[in-house]
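Enquirer: Handing you this structure, nothing more for now.
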Amino acid sequence: MAHAIPLVFPDGSSREYDAAITGAELAESISRSLAKKAVAYTLDGELRDLADPVGQGGRIEIVTRDDPRALELIRHDAAHVMAEAVQELYPGTQVTIGPVIENGFYYDFARNEPFTPDDLPAIEKKMREIIGRNEPFTKEVWSREKAKEVFREKGEMYKVELIDAIPEGEDLKVYAQGAWFDLCRGPHMASTGQIGNAFKLMKVAGAYWRGDSDNAMLTRIYGTAWASQEQLDQYLHMLEEAEKRDHRRLGREMDLFHFQEEGPGVVFWHSKGWRMFQNLVSYMRRRLDGEYEEVNAPQVLDHALWQTSGHWGWYKENMFAVQCADEEAEDQRVFALKPMNCPGHVQIFKHGLKSYRDLPIRLAEFGAVHRYEPSGALHGLMRVRGFTQDDAHVFCTEEQLEAEILKINDLMMSVYEDFGFEQVVVKLATRPEKRVGTDAMWDHAEDILKRALAKMEAESGGRIKAGINEGEGTFYGPKFEYTLKDAIGRDWQCGTTQVDFNLPERFGAFYIDSDSEKKQPVMIHRAICGSMERFLGILMENFAGHFPLWFAPLQVVVATITSDADDYAQQVARRLKGAGLVVETDLRNEKINYKVREHSLAKVPVILVCGKREAEEGTVNVRRLGSRDQTSLPLEEAVASLADEATPPDIRRAKS
């Protein structure tokens, strides 16, 4: 008879049980209905198989299928069922690894003939058959020798290699569903039937074994799985919307930018795209006016400066190094394209003596930076090698630190609101494993940020949701990460606020305190958009190219019905331009419906149609993007209305 153990339930109640009791037996002892819905249990937060004995006391909770924690189990189990389905349909196929990923799962397969999308319907059908069998998941712990022997006999040589990579002394768990089994850490649900039918296989891709291009190419099959059909349908709809909103597609349709092989990861901005870029810069400049001093630090600096900052040692693999191409040149030092602006701003702060009366000093730069990203990671504007940061650094005293952080937060939240982002998640990213500075320094910085975060959440009126991102701080300090939710529910991490006690110390930056002594300032790294290019990509996808009039790169097209109205259309365009609007005319000898379709595809917010009647009456026919309605307005009324609508929100606030 095993000994008794105390178990504490979610409601705070505590009872003693035999240590040998399993999760399934515990659920049954509470209620039959709970046992039917149970898929796993947690002990002190660790997710376990229902069949596992509890073994020790602690906080326990039965996990049902509708619990958010069960979603990972559903996807994990679906991956195993997919692997079984593949091997039933295509004997001789080897299974390798099959992890859960964001929104789904995948499995890599070794097969002489790679899988194609045409194979997915048959695999899906077989998966549903296996799920219908409702086979129980069972677990055994094997010796290393037995596991290698069994998988070798099955011809699963990739599994044998995986077993060799498992550290000595670690249990080798094998999970079976009926006759099929696989090496797996677990946990799993009780049976295949608990997976349900809310899953779909999405695509196939090539993948090198263990991600090494020197290894064999495998076929990766991706799938998604959800707790309900409704959730699956919502996810698939979101993917359809995401495809329509893809900023790369919109960039082509709106003639904003392109990429090409000669400049991997750097943007070729077209005139409309560059206008949009400059609109964003102009908006941000206005928001900083009176609070920040705009500066500009050099693009190329001796690598010795980056050694002092620590970037050369911690970040070198992401930096571009340059030298003079002429080997006979006098100066053959190694320079680096700046990956960030902070060391340059410290040099500007250090130039000239600073007093405590001068602080805080806030330096801002729209600085072009370059960082190496693997070619496979590049993704339109979202992941590039050359981009512009709306970067700023605040040099302040420790006493000013919390107030500056709160001030930065107010600015960030106002900017995000102007672009239509109402809900923001702010997470405190704490010390990483590899870092500089003392633990006491990190404790102090994290404590200040925790206090500030609590105030920010309490005073946000529900707009800010706070959280902790353990171990995700930068090597020199903890930070806030601001995550925005877009129109179709996707999360985008944009702004950051980072506290840094280290960089000023490394560069010997100081100010003269009230007692005439040298004192080291605290440095706050701040970005709101982060990467301007990426933020524009996010905006394009959030608005699906339907920008508010104040931010659209082209605001109005004046299009003629017949050539009789050409002179009047040009008069209309001049009047609109005089009111500050960005306007083009379309006087081509084309049918008006053709012109409207073309400009609608290019996401022009407003089309003013002019024909002979409009010219005679001094009116315009107003057509809005996404609407079939047409409105006839006197020209002056239309100009005044559009000029008012095109007023940026920050300027509107300043006028009110």
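Ordering of the structure tokens sets the chain letters (A, B, ...); residue numbers start at 1 within each chain; ligands are numbered from 1 in the order shown.
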At a cut-off of 10 Å, can you tabulate as a Markdown table every residue of region 180-289 of chain A near region 93-105 of chain A together with its closest atom pair and the distance in Å to one decimal, using only C-alpha atoms and ordering rows by chain then number?
Expert:
| residue | atom | partner | partner_atom | distance |
| --- | --- | --- | --- | --- |
| A:Asp182 | CA | A:Val95 | CA | 8.7 |
| A:Leu183 | CA | A:Ile97 | CA | 9.2 |
| A:Cys184 | CA | A:Ile97 | CA | 9.2 |
| A:Phe199 | CA | A:Gly104 | CA | 8.9 |
| A:Lys200 | CA | A:Gly104 | CA | 9.3 |
| A:Leu201 | CA | A:Phe105 | CA | 9.3 |
| A:Met202 | CA | A:Gly104 | CA | 9.5 |
| A:Trp209 | CA | A:Thr96 | CA | 8.4 |
| A:Arg210 | CA | A:Ile97 | CA | 9.1 |
| A:Leu218 | CA | A:Thr96 | CA | 9.0 |
| A:Thr219 | CA | A:Val95 | CA | 10.0 |
| A:Arg220 | CA | A:Gly98 | CA | 9.1 |
| A:Ile221 | CA | A:Phe105 | CA | 8.5 |
| A:Tyr222 | CA | A:Phe105 | CA | 6.0 |
| A:Gly223 | CA | A:Phe105 | CA | 5.4 |
| A:Thr224 | CA | A:Gly104 | CA | 3.9 |
| A:Ala225 | CA | A:Gly104 | CA | 5.7 |
| A:Trp226 | CA | A:Gly104 | CA | 8.1 |
| A:Leu232 | CA | A:Asn103 | CA | 9.9 |
| A:Tyr235 | CA | A:Asn103 | CA | 8.5 |
Enquirer: The selected residues should be written to file as a CSV table (one decimal), in the first residue's frame (atoms: C-alpha atoms).
Expert:
chain,number,residue,atom,x,y,z
A,182,ASP,CA,6.6,6.2,-31.6
A,183,LEU,CA,9.4,7.6,-29.5
A,184,CYS,CA,8.0,10.6,-27.6
A,199,PHE,CA,-8.2,19.5,-38.0
A,200,LYS,CA,-6.8,20.1,-41.5
A,201,LEU,CA,-3.6,19.3,-43.3
A,202,MET,CA,-2.3,22.5,-44.7
A,209,TRP,CA,17.1,16.5,-41.5
A,210,ARG,CA,18.0,18.4,-38.3
A,218,LEU,CA,12.8,15.2,-46.0
A,219,THR,CA,9.1,16.0,-46.7
A,220,ARG,CA,7.4,18.1,-44.0
A,221,ILE,CA,3.6,17.9,-43.8
A,222,TYR,CA,2.0,20.8,-41.8
A,223,GLY,CA,-1.4,20.5,-40.1
A,224,THR,CA,-3.6,22.6,-37.9
A,225,ALA,CA,-5.9,21.3,-35.1
A,226,TRP,CA,-8.4,23.0,-32.8
A,232,LEU,CA,-10.9,25.7,-37.0
A,235,TYR,CA,-8.5,30.1,-38.1
Enquirer: Which residues of region 105-146 of chain A come within 6 Å of region 152-175 of chain A, and for each one, what is the closest pair of atoms and their distance in Å to one decimal, counting only C-alpha atoms, sorted by chain and residue number, as CSV?
Expert:
residue,atom,partner,partner_atom,distance
A:Thr138,CA,A:Tyr175,CA,5.5
A:Lys139,CA,A:Tyr175,CA,4.6
A:Glu140,CA,A:Val174,CA,5.3
A:Val141,CA,A:Lys173,CA,4.6
A:Trp142,CA,A:Leu172,CA,5.5
Enquirer: Have a look at CA of Met340 (chain A) and CA of Asp391 (chain A) and let me know their distance in Å, one decimal.
Expert: 8.6 Å
Enquirer: What residues in region 402-497 of chain A get the DSSP label strand (DSSP E)? Please answer as a compact mmCIF listing (two decimals) with C-alpha atoms, in the first residue's frame.
Expert:
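What follows is the written file out.txt:
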# COMPACT_ATOMS: atom_id res chain seq x y z
CA VAL A 424 -2.07 46.50 -26.30
CA VAL A 425 -0.24 43.77 -24.39
CA VAL A 426 2.83 45.01 -22.52
CA LYS A 427 5.19 42.33 -21.23
CA LEU A 428 8.22 42.76 -19.00
CA ALA A 429 11.11 40.79 -20.55
CA ILE A 464 -3.16 47.62 -21.47
CA LYS A 465 -2.88 43.98 -20.52
CA ALA A 466 0.34 43.29 -18.61
CA GLY A 467 2.47 40.14 -18.55
CA ILE A 468 5.95 38.73 -17.95
CA ASN A 469 8.28 37.32 -20.61
CA LYS A 479 12.63 45.79 -21.27
CA PHE A 480 8.96 46.30 -21.98
CA GLU A 481 7.64 44.72 -25.17
CA TYR A 482 4.50 46.25 -26.69
CA THR A 483 2.34 43.86 -28.72
CA LEU A 484 -0.50 45.08 -30.94
CA LYS A 485 -3.49 43.05 -32.14
CA ASP A 491 -0.29 39.80 -32.62
CA TRP A 492 2.62 42.04 -33.64
CA GLN A 493 5.41 42.98 -31.25
CA CYS A 494 6.42 46.57 -32.05
CA GLY A 495 7.55 49.02 -29.40
CA THR A 496 10.16 48.50 -26.70
CA THR A 497 11.35 50.38 -23.64
Enquirer: Pick out the closest residue to Ala78 (chain A) from this set: A:Gly12, A:Phe109, A:Gly193, A:Lys595. Count only C-alpha atoms.
Expert: A:Gly193
